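Structure data (compact mmCIF, C-alpha atoms and all ligand atoms) from my_file12.txt:
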```txt
# COMPACT_ATOMS: atom_id res chain seq x y z
CA MET L 1 -7.24 -11.88 -0.25
CA THR L 2 -9.34 -10.06 -2.83
CA SER L 3 -11.67 -11.98 -5.14
CA PRO L 4 -9.79 -13.70 -8.00
CA VAL L 5 -9.43 -11.65 -11.16
CA ASP L 6 -9.39 -13.20 -14.63
CA LEU L 7 -5.98 -12.48 -16.13
CA PRO L 8 -4.19 -13.99 -19.13
CA PRO L 9 -1.29 -16.34 -18.30
CA LEU L 10 1.99 -14.44 -17.74
CA ARG L 11 3.71 -16.20 -20.63
CA GLU L 12 0.95 -14.90 -22.93
CA VAL L 13 1.44 -11.37 -21.58
CA ILE L 14 5.15 -11.65 -22.32
CA ARG L 15 4.49 -12.87 -25.85
CA GLU L 16 1.86 -10.20 -26.53
CA HIS L 17 4.08 -7.34 -25.31
CA GLY L 18 7.39 -8.69 -26.67
CA LEU L 19 8.98 -8.82 -23.20
CA SER L 20 11.95 -11.09 -23.92
CA ALA L 21 14.19 -11.05 -20.83
CA SER L 22 16.96 -8.44 -21.08
CA LYS L 23 20.32 -9.48 -19.65
CA ALA L 24 21.40 -5.85 -19.33
CA LEU L 25 18.44 -5.17 -17.02
CA GLY L 26 19.08 -8.32 -14.98
CA GLN L 27 15.74 -9.81 -15.96
CA ASN L 28 14.96 -13.30 -14.63
CA PHE L 29 11.21 -13.67 -14.38
CA LEU L 30 9.10 -15.77 -12.00
CA PHE L 31 5.95 -17.41 -13.41
CA ASP L 32 4.91 -19.98 -10.79
CA SER L 33 1.78 -18.48 -9.21
CA GLN L 34 2.03 -20.67 -6.08
CA LEU L 35 5.63 -19.62 -5.47
CA LEU L 36 4.69 -15.98 -6.08
CA ALA L 37 1.78 -16.23 -3.62
CA ARG L 38 4.17 -17.66 -1.00
CA ILE L 39 6.56 -14.75 -1.50
CA ALA L 40 3.67 -12.25 -1.26
CA ALA L 41 2.63 -13.88 2.04
CA ILE L 42 6.03 -13.32 3.71
CA PRO L 43 5.35 -9.71 4.85
CA GLY L 44 2.13 -10.85 6.60
CA ASP L 45 -1.41 -9.63 6.04
CA LEU L 46 -1.33 -7.06 3.22
CA THR L 47 -5.06 -6.34 3.09
CA ASP L 48 -5.37 -2.66 2.18
CA ARG L 49 -1.71 -2.09 3.11
CA PRO L 50 0.72 -0.06 1.00
CA VAL L 51 3.41 -2.08 -0.77
CA LEU L 52 6.33 -0.72 -2.77
CA GLU L 53 7.45 -3.18 -5.43
CA ILE L 54 10.66 -2.43 -7.27
CA GLY L 55 11.17 -4.03 -10.67
CA PRO L 56 7.76 -5.65 -11.33
CA GLY L 57 8.78 -6.65 -14.88
CA PRO L 58 5.82 -8.41 -16.54
CA GLY L 59 3.99 -8.37 -13.18
CA GLY L 60 4.03 -11.90 -11.73
CA LEU L 61 4.81 -10.79 -8.18
CA THR L 62 2.61 -7.71 -8.65
CA ARG L 63 -0.34 -10.01 -9.36
CA ALA L 64 0.33 -11.98 -6.19
CA LEU L 65 0.58 -8.79 -4.11
CA LEU L 66 -2.66 -7.39 -5.57
CA ALA L 67 -4.41 -10.72 -5.01
CA ALA L 68 -3.24 -10.54 -1.38
CA GLY L 69 -5.18 -7.27 -1.08
CA ALA L 70 -2.25 -4.82 -1.18
CA ARG L 71 -2.25 -1.30 -2.59
CA VAL L 72 0.85 -1.52 -4.79
CA THR L 73 3.16 1.24 -5.99
CA ALA L 74 5.52 -0.27 -8.56
CA ILE L 75 8.72 1.26 -9.98
CA GLU L 76 9.92 -0.31 -13.23
CA ARG L 77 12.81 0.86 -15.36
CA ASP L 78 12.01 -1.12 -18.50
CA ARG L 79 9.40 0.88 -20.41
CA ARG L 80 8.45 -2.20 -22.47
CA CYS L 81 6.76 -3.57 -19.30
CA ILE L 82 4.57 -0.53 -18.65
CA PRO L 83 1.64 -1.38 -21.02
CA ALA L 84 1.43 -4.93 -19.59
CA LEU L 85 1.45 -3.55 -16.05
CA ALA L 86 -1.16 -0.92 -16.99
CA GLN L 87 -3.48 -3.76 -18.06
CA LEU L 88 -2.95 -5.36 -14.66
CA GLY L 89 -3.86 -2.01 -13.06
CA GLU L 90 -7.13 -2.00 -15.01
CA ALA L 91 -8.00 -5.38 -13.50
CA TYR L 92 -7.49 -3.93 -9.99
CA PRO L 93 -8.92 -0.39 -10.29
CA GLY L 94 -7.28 2.15 -7.96
CA ARG L 95 -4.88 -0.38 -6.42
CA LEU L 96 -1.80 -0.16 -8.67
CA THR L 97 0.28 3.01 -9.12
CA LEU L 98 2.96 2.68 -11.79
CA ILE L 99 6.15 4.72 -11.90
CA GLU L 100 8.47 4.33 -14.87
CA GLY L 101 12.04 5.05 -13.81
CA ASP L 102 15.22 3.99 -12.07
CA ALA L 103 14.56 3.10 -8.41
CA LEU L 104 18.10 4.21 -7.55
CA ALA L 105 17.21 7.76 -8.62
CA ILE L 106 13.68 8.14 -7.20
CA ASP L 107 12.73 9.75 -3.85
CA MET L 108 10.87 6.72 -2.53
CA PRO L 109 9.96 7.89 1.01
CA GLY L 110 8.19 10.90 -0.56
CA LEU L 111 5.71 8.54 -2.26
CA PHE L 112 4.09 7.30 0.98
CA ASP L 113 1.96 8.68 3.84
CA GLU L 114 2.01 5.28 5.59
CA ALA L 115 5.10 3.04 5.87
CA PRO L 116 5.02 0.47 3.05
CA ALA L 117 6.19 -3.12 2.98
CA ILE L 118 8.90 -3.21 0.31
CA VAL L 119 8.95 -6.32 -1.88
CA ALA L 120 11.33 -6.92 -4.76
CA ASN L 121 12.94 -9.46 -7.02
CA LEU L 122 15.72 -7.30 -8.45
CA PRO L 123 19.03 -7.72 -10.21
CA TYR L 124 21.41 -8.50 -7.35
CA ASN L 125 23.61 -5.41 -7.75
CA VAL L 126 20.59 -3.07 -7.68
CA GLY L 127 19.05 -4.99 -4.75
CA THR L 128 22.22 -4.75 -2.66
CA ALA L 129 22.67 -1.02 -3.36
CA LEU L 130 19.05 -0.35 -2.35
CA LEU L 131 19.33 -2.55 0.76
CA VAL L 132 22.42 -0.66 1.98
CA SER L 133 20.71 2.71 1.39
CA TRP L 134 17.51 1.59 3.18
CA LEU L 135 19.44 0.23 6.17
CA SER L 136 21.69 3.29 6.43
CA ALA L 137 18.86 5.87 6.50
CA ASP L 138 17.36 7.54 9.57
CA TRP L 139 15.67 5.26 12.11
CA LEU L 140 12.91 4.19 12.57
CA PRO L 141 12.85 3.86 8.78
CA TRP L 142 10.13 4.97 6.38
CA TRP L 143 9.39 1.32 5.44
CA ARG L 144 7.64 -1.34 7.50
CA SER L 145 9.54 -4.40 6.24
CA LEU L 146 11.81 -5.55 3.40
CA THR L 147 11.12 -8.78 1.51
CA LEU L 148 13.90 -9.11 -1.05
CA MET L 149 15.23 -11.79 -3.39
CA PHE L 150 19.02 -12.17 -3.35
CA GLN L 151 21.52 -14.61 -4.66
CA ARG L 152 21.83 -17.16 -1.86
CA GLU L 153 25.40 -16.24 -0.97
CA VAL L 154 24.36 -12.59 -0.41
CA ALA L 155 21.32 -13.71 1.63
CA GLU L 156 23.66 -15.76 3.83
CA ARG L 157 25.90 -12.72 4.35
CA ILE L 158 22.87 -10.65 5.44
CA VAL L 159 21.75 -13.12 8.15
CA ALA L 160 25.24 -14.39 9.13
CA LYS L 161 26.18 -14.90 12.76
CA PRO L 162 29.59 -14.24 14.38
CA GLY L 163 32.23 -16.87 13.77
CA SER L 164 31.10 -17.71 10.24
CA ASP L 165 32.90 -16.83 7.01
CA ALA L 166 29.79 -14.99 5.81
CA TYR L 167 29.78 -12.66 8.86
CA GLY L 168 30.89 -9.14 8.05
CA ARG L 169 29.78 -5.57 7.43
CA LEU L 170 26.55 -6.54 5.64
CA ALA L 171 25.46 -8.78 8.57
CA ILE L 172 26.16 -6.03 11.09
CA LEU L 173 24.42 -3.35 9.02
CA SER L 174 21.44 -5.70 8.55
CA GLN L 175 21.13 -6.85 12.16
CA TRP L 176 22.27 -4.10 14.57
CA ARG L 177 18.80 -2.51 14.51
CA SER L 178 16.74 -5.05 12.51
CA HIS L 179 15.71 -8.69 12.52
CA ALA L 180 16.90 -10.42 9.35
CA ARG L 181 16.04 -13.99 8.33
CA ILE L 182 16.03 -16.16 5.24
CA ALA L 183 12.32 -16.66 4.62
CA MET L 184 12.57 -18.98 1.61
CA PRO L 185 15.24 -20.57 -0.56
CA VAL L 186 14.41 -20.33 -4.28
CA HIS L 187 15.84 -22.80 -6.77
CA ARG L 188 17.44 -21.32 -9.89
CA SER L 189 15.07 -23.35 -12.07
CA ALA L 190 12.14 -21.23 -10.80
CA PHE L 191 13.35 -18.31 -12.95
CA THR L 192 13.08 -17.73 -16.69
CA PRO L 193 15.82 -17.67 -17.85
CA PRO L 194 17.47 -19.49 -14.91
CA PRO L 195 20.39 -17.59 -13.37
CA LYS L 196 23.70 -19.42 -12.68
CA VAL L 197 23.25 -19.35 -8.90
CA MET L 198 20.63 -20.25 -6.29
CA SER L 199 18.53 -17.53 -4.66
CA ALA L 200 16.77 -16.86 -1.37
CA VAL L 201 14.17 -14.39 -0.13
CA VAL L 202 15.31 -12.39 2.89
CA HIS L 203 12.82 -10.74 5.26
CA ILE L 204 13.94 -7.79 7.39
CA THR L 205 11.94 -5.89 10.00
CA PRO L 206 13.25 -2.86 11.90
CA THR L 207 13.64 -2.75 15.68
CA GLU L 208 14.36 0.19 18.00
CA ALA L 209 17.97 1.33 17.59
CA PRO L 210 20.18 2.16 20.57
CA ASP L 211 19.71 5.95 20.59
CA ASP L 212 23.29 6.76 21.63
CA ILE L 213 25.03 5.25 18.59
CA CYS L 214 25.93 7.21 15.52
CA PRO L 215 25.76 4.88 12.47
CA ALA L 216 28.90 6.55 11.03
CA LYS L 217 30.94 5.31 14.02
CA LEU L 218 29.68 1.77 13.58
CA GLU L 219 30.48 1.96 9.87
CA ALA L 220 34.00 3.24 10.59
CA ILE L 221 34.76 0.45 13.05
CA THR L 222 33.32 -2.39 10.94
CA ALA L 223 34.98 -1.09 7.75
CA ALA L 224 38.37 -1.12 9.50
CA ALA L 225 37.86 -4.47 11.24
CA PHE L 226 36.57 -6.38 8.21
CA GLY L 227 38.78 -4.50 5.72
CA GLN L 228 41.58 -6.65 7.17
CA ARG L 229 39.54 -9.53 8.57
CA ARG L 230 42.46 -11.97 8.82
CA LYS L 231 44.47 -9.54 10.98
CA MET L 232 44.23 -9.13 14.75
CA LEU L 233 42.08 -6.21 15.92
CA ARG L 234 45.11 -4.42 17.40
CA GLN L 235 46.42 -4.14 13.83
CA SER L 236 43.20 -3.60 11.84
CA LEU L 237 41.74 -1.00 14.24
CA LYS L 238 44.92 1.06 14.55
CA CYS L 239 43.65 3.58 12.04
CA VAL L 240 40.41 4.34 13.95
CA PRO L 241 41.10 6.98 16.62
CA GLY L 242 40.12 5.71 20.08
CA ALA L 243 39.33 2.16 18.94
CA LEU L 244 42.20 0.44 20.76
CA ASP L 245 41.34 2.33 23.97
CA ALA L 246 37.74 1.18 23.51
CA LEU L 247 38.89 -2.46 23.28
CA GLU L 248 40.80 -2.08 26.52
CA ALA L 249 37.92 -0.33 28.31
CA LEU L 250 35.58 -3.16 27.21
CA SER L 251 38.10 -5.91 28.07
CA ILE L 252 38.05 -7.19 24.47
CA ASP L 253 41.27 -9.05 23.71
CA PRO L 254 43.05 -7.10 20.91
CA THR L 255 44.54 -10.32 19.51
CA ARG L 256 41.03 -11.46 18.43
CA ARG L 257 39.95 -11.26 14.80
CA ALA L 258 37.01 -9.30 13.37
CA GLU L 259 34.62 -12.23 12.84
CA THR L 260 34.79 -13.35 16.50
CA LEU L 261 33.13 -10.18 17.87
CA SER L 262 29.36 -10.05 18.30
CA ILE L 263 27.20 -7.26 16.93
CA ASP L 264 26.78 -6.03 20.54
CA ASP L 265 30.59 -5.85 20.82
CA TYR L 266 30.76 -3.61 17.72
CA VAL L 267 27.93 -1.43 19.03
CA ALA L 268 29.76 -1.12 22.38
CA ILE L 269 33.03 -0.13 20.66
CA ALA L 270 31.22 2.43 18.49
CA ARG L 271 29.63 3.89 21.63
CA GLN L 272 33.11 4.59 23.06
CA LEU L 273 34.47 6.42 20.00
CA GLN L 274 34.70 10.18 19.70
CA PRO L 275 32.10 11.78 17.40
CA ILE L 276 32.97 11.43 13.70
CA ALA L 277 32.80 14.72 11.80
N1 LIG A 1 9.53 -8.94 -10.43
C1 LIG A 1 9.57 -9.65 -11.71
C2 LIG A 1 9.52 -11.14 -11.45
O1 LIG A 1 9.74 -11.52 -10.29
O2 LIG A 1 9.28 -11.90 -12.39
C3 LIG A 1 10.83 -9.27 -12.52
C4 LIG A 1 12.13 -9.60 -11.85
S1 LIG A 1 13.56 -9.21 -12.78
C5 LIG A 1 14.76 -10.15 -11.84
C6 LIG A 1 14.05 -7.59 -12.25
C7 LIG A 1 13.19 -6.43 -12.75
O3 LIG A 1 13.75 -5.21 -12.21
C8 LIG A 1 13.20 -6.23 -14.26
O4 LIG A 1 11.88 -6.04 -14.72
C9 LIG A 1 14.06 -4.99 -14.49
O5 LIG A 1 13.68 -4.26 -15.65
C10 LIG A 1 13.79 -4.21 -13.22
N2 LIG A 1 14.86 -3.26 -12.85
C11 LIG A 1 16.20 -3.46 -12.96
N3 LIG A 1 16.87 -2.40 -12.49
C12 LIG A 1 15.93 -1.52 -12.04
C13 LIG A 1 16.01 -0.24 -11.44
N4 LIG A 1 17.17 0.34 -11.20
N5 LIG A 1 14.85 0.40 -11.12
C14 LIG A 1 13.64 -0.20 -11.36
N6 LIG A 1 13.52 -1.42 -11.94
C15 LIG A 1 14.64 -2.07 -12.28
```

Translate the structure of the given file into structure tokens.
Ligand code: SAM
Amino acid sequence: MTSPVDLPPLREVIREHGLSASKALGQNFLFDSQLLARIAAIPGDLTDRPVLEIGPGPGGLTRALLAAGARVTAIERDRRCIPALAQLGEAYPGRLTLIEGDALAIDMPGLFDEAPAIVANLPYNVGTALLVSWLSADWLPWWRSLTLMFQREVAERIVAKPGSDAYGRLAILSQWRSHARIAMPVHRSAFTPPPKVMSAVVHITPTEAPDDICPAKLEAITAAAFGQRRKMLRQSLKCVPGALDALEALSIDPTRRAETLSIDDYVAIARQLQPIA
């Protein structure tokens, strides 16, 4: 933790800079400093560590990250927030780098010499698109961990285990070479304005990937299996060349359904497939 810095209350910052929440930008702000400090603690000790925050808005989470000792790079699309964030940067000289722009269009790995912890409370559609791109990139990834707010139903899909309704492509993508857990449920009333649904913070850390698996093969097999999740595998996997032979070679019963196979089963099937061009 760095020494406390005197800052005006967030609600005052919002009033002063006219930052009424924009629905179009998916803005639901967090003001509770204790809750924000708990979220900032999820990635572990941030003292002098690089953190990439996407969508800082008026800067509540940014404050908590700076107070935890992080060096923060923040990407915010809403230019109304930039002057308020610049004031926060003045309170923590040399520790906050601001980038105004759309995180979906910025070369993020190019911003860092050392792998950052990524932390974000984003609109759910933007958060999911970024998560999929981060998990699909080359391994080991350019980031150290992901600490991301999602609507609770999406968080449950990320950490889901075989046999559950929530288990599917997102669970497999999130867990075949990472640990993923729900670090904290967050009640809708914690946000201003409150969204319709409950939220949860997910924490993901990368692990070594099996080095003989091409992610495209795993994607092909899980897309086919869960594209028709109520069908038996012998039907849903028909369209993937070599998949039915792989089931036989692995002694996986082709009358099973997609959600009954473990992540290791999918990895083993992908390993048996011919290279995908
Ligand atoms: N982090 C703040 C908090 O917790 O109070 C604000 C959270 S608000 C849910 C999401 C923020 O992400 C908004 O400030 C919004 O302008 C920003 N945002 C939305 N889409 C973005 C994008 N594509 N790139 C960067 N920022 C984005």

If you take only C-alpha atoms and all ligand atoms and a cut-off of 8 Å, which residues of chain L touch ligand LIG 1 (chain A), and what are their nearest atom pairs and distances in Å to one decimal, in chain and number order, as JSON lines?
```
{"residue": "L:Ser22", "atom": "CA", "partner": "A:LIG1", "partner_atom": "O5", "distance": 7.6}
{"residue": "L:Leu25", "atom": "CA", "partner": "A:LIG1", "partner_atom": "C11", "distance": 4.9}
{"residue": "L:Gly26", "atom": "CA", "partner": "A:LIG1", "partner_atom": "C5", "distance": 5.6}
{"residue": "L:Gln27", "atom": "CA", "partner": "A:LIG1", "partner_atom": "S1", "distance": 3.9}
{"residue": "L:Asn28", "atom": "CA", "partner": "A:LIG1", "partner_atom": "C5", "distance": 4.2}
{"residue": "L:Phe29", "atom": "CA", "partner": "A:LIG1", "partner_atom": "O2", "distance": 3.3}
{"residue": "L:Leu30", "atom": "CA", "partner": "A:LIG1", "partner_atom": "O2", "distance": 3.9}
{"residue": "L:Phe31", "atom": "CA", "partner": "A:LIG1", "partner_atom": "O2", "distance": 6.5}
{"residue": "L:Leu36", "atom": "CA", "partner": "A:LIG1", "partner_atom": "O1", "distance": 7.9}
{"residue": "L:Glu53", "atom": "CA", "partner": "A:LIG1", "partner_atom": "N1", "distance": 7.9}
{"residue": "L:Ile54", "atom": "CA", "partner": "A:LIG1", "partner_atom": "C14", "distance": 5.5}
{"residue": "L:Gly55", "atom": "CA", "partner": "A:LIG1", "partner_atom": "O3", "distance": 3.2}
{"residue": "L:Pro56", "atom": "CA", "partner": "A:LIG1", "partner_atom": "N1", "distance": 3.8}
{"residue": "L:Gly57", "atom": "CA", "partner": "A:LIG1", "partner_atom": "O4", "distance": 3.2}
{"residue": "L:Pro58", "atom": "CA", "partner": "A:LIG1", "partner_atom": "C1", "distance": 6.2}
{"residue": "L:Gly59", "atom": "CA", "partner": "A:LIG1", "partner_atom": "C1", "distance": 5.9}
{"residue": "L:Gly60", "atom": "CA", "partner": "A:LIG1", "partner_atom": "O2", "distance": 5.3}
{"residue": "L:Leu61", "atom": "CA", "partner": "A:LIG1", "partner_atom": "O1", "distance": 5.4}
{"residue": "L:Thr62", "atom": "CA", "partner": "A:LIG1", "partner_atom": "N1", "distance": 7.3}
{"residue": "L:Ile75", "atom": "CA", "partner": "A:LIG1", "partner_atom": "C14", "distance": 5.3}
{"residue": "L:Glu76", "atom": "CA", "partner": "A:LIG1", "partner_atom": "N6", "distance": 4.0}
{"residue": "L:Arg77", "atom": "CA", "partner": "A:LIG1", "partner_atom": "N6", "distance": 4.2}
{"residue": "L:Asp78", "atom": "CA", "partner": "A:LIG1", "partner_atom": "O5", "distance": 4.6}
{"residue": "L:Cys81", "atom": "CA", "partner": "A:LIG1", "partner_atom": "O4", "distance": 7.3}
{"residue": "L:Glu100", "atom": "CA", "partner": "A:LIG1", "partner_atom": "C14", "distance": 7.7}
{"residue": "L:Gly101", "atom": "CA", "partner": "A:LIG1", "partner_atom": "C14", "distance": 6.0}
{"residue": "L:Asp102", "atom": "CA", "partner": "A:LIG1", "partner_atom": "N5", "distance": 3.7}
{"residue": "L:Ala103", "atom": "CA", "partner": "A:LIG1", "partner_atom": "N5", "distance": 3.8}
{"residue": "L:Leu104", "atom": "CA", "partner": "A:LIG1", "partner_atom": "N4", "distance": 5.4}
{"residue": "L:Ala105", "atom": "CA", "partner": "A:LIG1", "partner_atom": "N4", "distance": 7.9}
{"residue": "L:Ala120", "atom": "CA", "partner": "A:LIG1", "partner_atom": "N1", "distance": 6.3}
{"residue": "L:Asn121", "atom": "CA", "partner": "A:LIG1", "partner_atom": "N1", "distance": 4.9}
{"residue": "L:Leu122", "atom": "CA", "partner": "A:LIG1", "partner_atom": "C6", "distance": 4.2}
{"residue": "L:Pro123", "atom": "CA", "partner": "A:LIG1", "partner_atom": "C5", "distance": 5.2}
{"residue": "L:Val126", "atom": "CA", "partner": "A:LIG1", "partner_atom": "N4", "distance": 6.0}
{"residue": "L:Phe191", "atom": "CA", "partner": "A:LIG1", "partner_atom": "O2", "distance": 7.6}
```

*State, in Å with one decimal place, the distance from CA of Asp245 (chain L) to CA of Leu170 (chain L).*
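Interatomic distance here is 25.2 Å.
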
*At what distance in Å, to one decimal, does CA of Ile42 (chain L) lie from CA of Ile82 (chain L)?*
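Value for the CA of Ile82 (chain L)-CA of Ile42 (chain L) distance: 25.8 Å.
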
*Counting all atoms listed in the file, the option among L:Ala84, L:Leu173, L:Val201, L:Ala249 closest to Leu148 (chain L)*: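 Checking each candidate against Leu148 (chain L), we get L:Val201 as the closest.
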
*Using only C-alpha atoms, which of the listed residues (L:Pro275, L:Gly227, L:Pro193, L:Pro43) sits closest to Pro215 (chain L)?*
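Checking each of L:Pro275, L:Gly227, L:Pro193, L:Pro43 against Pro215 (chain L), counting only C-alpha atoms, the winner is L:Pro275.
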
*Using all atoms listed in the file, find the one residue out of L:Met198, L:Leu98, L:Val51, L:Leu130 that sits nearest to Phe112 (chain L).*
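That would be L:Val51, the residue with the smallest distance to Phe112 (chain L).
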
*Of the candidates L:Thr260, L:Thr128, L:Thr205, L:Thr192, which one gets nearest to Lys231 (chain L) if we count all atoms listed in the file?*
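Comparing L:Thr260, L:Thr128, L:Thr205, L:Thr192 against Lys231 (chain L), the winner is L:Thr260.
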
*For Ser136 (chain L), which of L:Ala209, L:Leu273, L:Ala224, L:Ala166 is the closest residue, counting all atoms listed in the file?*
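Distance minimum relative to Ser136 (chain L) lands on L:Ala209.
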
*Which of these residues is nearest to Gln87 (chain L), using all atoms listed in the file: L:Lys238, L:His17, L:Arg71, L:Lys196?*
L:His17

_Which residues are close to Gly44 (chain L), i.e. within 10 Å by all atoms listed in the file, leaving aside same-chain residues fewer than 2 positions away? Reply as number ranges by chain._
L: 40-42, 46-47, 68, 117, 145

*What's the 12 Å shell around Trp134 (chain L), counting only C-alpha atoms, without same-chain residues fewer than 3 positions away, as number ranges by chain?*
L: 104, 107-109, 118, 127-131, 137-146, 173-174, 178, 204-206

May I have the residues within 12 Å of Ser164 (chain L) as a PDB file with C-alpha atoms, in the coordinates of the input, using all atoms listed in the file and disregarding those fewer than 2 positions away in the same chain?
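Result file is selection.pdb:
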```pdb
ATOM      1  CA  GLU L 156      23.660 -15.760   3.830  1.00  0.00           C
ATOM      2  CA  ARG L 157      25.900 -12.720   4.350  1.00  0.00           C
ATOM      3  CA  ILE L 158      22.870 -10.650   5.440  1.00  0.00           C
ATOM      4  CA  VAL L 159      21.750 -13.120   8.150  1.00  0.00           C
ATOM      5  CA  ALA L 160      25.240 -14.390   9.130  1.00  0.00           C
ATOM      6  CA  LYS L 161      26.180 -14.900  12.760  1.00  0.00           C
ATOM      7  CA  PRO L 162      29.590 -14.240  14.380  1.00  0.00           C
ATOM      8  CA  ALA L 166      29.790 -14.990   5.810  1.00  0.00           C
ATOM      9  CA  TYR L 167      29.780 -12.660   8.860  1.00  0.00           C
ATOM     10  CA  GLY L 168      30.890  -9.140   8.050  1.00  0.00           C
ATOM     11  CA  ALA L 171      25.460  -8.780   8.570  1.00  0.00           C
ATOM     12  CA  ARG L 229      39.540  -9.530   8.570  1.00  0.00           C
ATOM     13  CA  ARG L 257      39.950 -11.260  14.800  1.00  0.00           C
ATOM     14  CA  ALA L 258      37.010  -9.300  13.370  1.00  0.00           C
ATOM     15  CA  GLU L 259      34.620 -12.230  12.840  1.00  0.00           C
ATOM     16  CA  THR L 260      34.790 -13.350  16.500  1.00  0.00           C
ATOM     17  CA  LEU L 261      33.130 -10.180  17.870  1.00  0.00           C
ATOM     18  CA  SER L 262      29.360 -10.050  18.300  1.00  0.00           C
TER      19      SER L 262
END
```

*asked:* Between CA of Gly242 (chain L) and CA of His179 (chain L), what is the distance in Å, rounded to a tenth?
replied: 29.3 Å

*Write out as a list in words the residues lying within 10 Å of Cys239 (chain L), counting only C-alpha atoms and excluding same-chain residues fewer than 2 positions away.*
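Here the qualifying residues turn out to be Ala220, Ile221, Ala224, Ala225, Arg234, Gln235, Ser236, Leu237, Pro241, Gly242, Ala243 and Leu244 of chain L.
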
Produce region 75-132 of chain L of the given structure as output with C-alpha atoms, as a PDB file, in the first residue's frame.
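Dumped to part_31.pdb:
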```pdb
ATOM      1  CA  ILE L  75      -7.708   2.751 -21.320  1.00  0.00           C
ATOM      2  CA  GLU L  76     -10.973   4.714 -21.310  1.00  0.00           C
ATOM      3  CA  ARG L  77     -13.233   5.335 -24.264  1.00  0.00           C
ATOM      4  CA  ASP L  78     -15.349   8.109 -22.757  1.00  0.00           C
ATOM      5  CA  ARG L  79     -13.391  11.328 -23.200  1.00  0.00           C
ATOM      6  CA  ARG L  80     -15.523  13.067 -20.536  1.00  0.00           C
ATOM      7  CA  CYS L  81     -13.663  10.943 -17.930  1.00  0.00           C
ATOM      8  CA  ILE L  82     -10.148  11.929 -19.006  1.00  0.00           C
ATOM      9  CA  PRO L  83      -9.840  15.252 -17.051  1.00  0.00           C
ATOM     10  CA  ALA L  84     -11.055  13.553 -13.840  1.00  0.00           C
ATOM     11  CA  LEU L  85      -8.564  10.718 -14.354  1.00  0.00           C
ATOM     12  CA  ALA L  86      -5.785  13.213 -15.133  1.00  0.00           C
ATOM     13  CA  GLN L  87      -6.389  14.803 -11.710  1.00  0.00           C
ATOM     14  CA  LEU L  88      -6.021  11.367 -10.150  1.00  0.00           C
ATOM     15  CA  GLY L  89      -2.734  10.966 -12.046  1.00  0.00           C
ATOM     16  CA  GLU L  90      -1.499  14.232 -10.516  1.00  0.00           C
ATOM     17  CA  ALA L  91      -2.133  12.811  -7.046  1.00  0.00           C
ATOM     18  CA  TYR L  92       0.052   9.775  -7.905  1.00  0.00           C
ATOM     19  CA  PRO L  93       2.887  11.292  -9.979  1.00  0.00           C
ATOM     20  CA  GLY L  94       4.374   8.910 -12.552  1.00  0.00           C
ATOM     21  CA  ARG L  95       2.071   6.016 -11.630  1.00  0.00           C
ATOM     22  CA  LEU L  96      -0.920   6.488 -13.951  1.00  0.00           C
ATOM     23  CA  THR L  97      -0.699   6.377 -17.765  1.00  0.00           C
ATOM     24  CA  LEU L  98      -3.952   7.327 -19.487  1.00  0.00           C
ATOM     25  CA  ILE L  99      -4.942   6.205 -22.959  1.00  0.00           C
ATOM     26  CA  GLU L 100      -8.129   7.570 -24.485  1.00  0.00           C
ATOM     27  CA  GLY L 101      -9.570   5.048 -26.923  1.00  0.00           C
ATOM     28  CA  ASP L 102     -11.453   1.840 -27.584  1.00  0.00           C
ATOM     29  CA  ALA L 103      -9.765  -1.125 -25.872  1.00  0.00           C
ATOM     30  CA  LEU L 104     -11.065  -3.408 -28.630  1.00  0.00           C
ATOM     31  CA  ALA L 105      -8.946  -1.478 -31.161  1.00  0.00           C
ATOM     32  CA  ILE L 106      -5.711  -0.938 -29.204  1.00  0.00           C
ATOM     33  CA  ASP L 107      -2.550  -3.093 -29.382  1.00  0.00           C
ATOM     34  CA  MET L 108      -2.421  -3.823 -25.658  1.00  0.00           C
ATOM     35  CA  PRO L 109       0.559  -6.234 -25.479  1.00  0.00           C
ATOM     36  CA  GLY L 110       2.705  -3.544 -27.143  1.00  0.00           C
ATOM     37  CA  LEU L 111       2.174  -1.261 -24.125  1.00  0.00           C
ATOM     38  CA  PHE L 112       4.098  -3.460 -21.652  1.00  0.00           C
ATOM     39  CA  ASP L 113       7.678  -4.668 -21.046  1.00  0.00           C
ATOM     40  CA  GLU L 114       6.532  -6.741 -18.047  1.00  0.00           C
ATOM     41  CA  ALA L 115       3.339  -8.840 -17.971  1.00  0.00           C
ATOM     42  CA  PRO L 116       0.557  -6.787 -16.345  1.00  0.00           C
ATOM     43  CA  ALA L 117      -2.314  -7.876 -14.147  1.00  0.00           C
ATOM     44  CA  ILE L 118      -5.447  -6.907 -16.075  1.00  0.00           C
ATOM     45  CA  VAL L 119      -8.312  -5.546 -13.985  1.00  0.00           C
ATOM     46  CA  ALA L 120     -11.627  -4.313 -15.354  1.00  0.00           C
ATOM     47  CA  ASN L 121     -15.241  -3.561 -14.629  1.00  0.00           C
ATOM     48  CA  LEU L 122     -16.524  -3.334 -18.192  1.00  0.00           C
ATOM     49  CA  PRO L 123     -19.804  -3.492 -20.047  1.00  0.00           C
ATOM     50  CA  TYR L 124     -20.455  -7.226 -20.288  1.00  0.00           C
ATOM     51  CA  ASN L 125     -20.334  -7.451 -24.093  1.00  0.00           C
ATOM     52  CA  VAL L 126     -16.958  -5.676 -24.232  1.00  0.00           C
ATOM     53  CA  GLY L 127     -15.634  -7.751 -21.309  1.00  0.00           C
ATOM     54  CA  THR L 128     -16.592 -11.048 -22.955  1.00  0.00           C
ATOM     55  CA  ALA L 129     -15.081 -10.067 -26.333  1.00  0.00           C
ATOM     56  CA  LEU L 130     -11.810  -9.075 -24.629  1.00  0.00           C
ATOM     57  CA  LEU L 131     -11.767 -12.236 -22.488  1.00  0.00           C
ATOM     58  CA  VAL L 132     -12.142 -14.473 -25.554  1.00  0.00           C
TER      59      VAL L 132
END
```
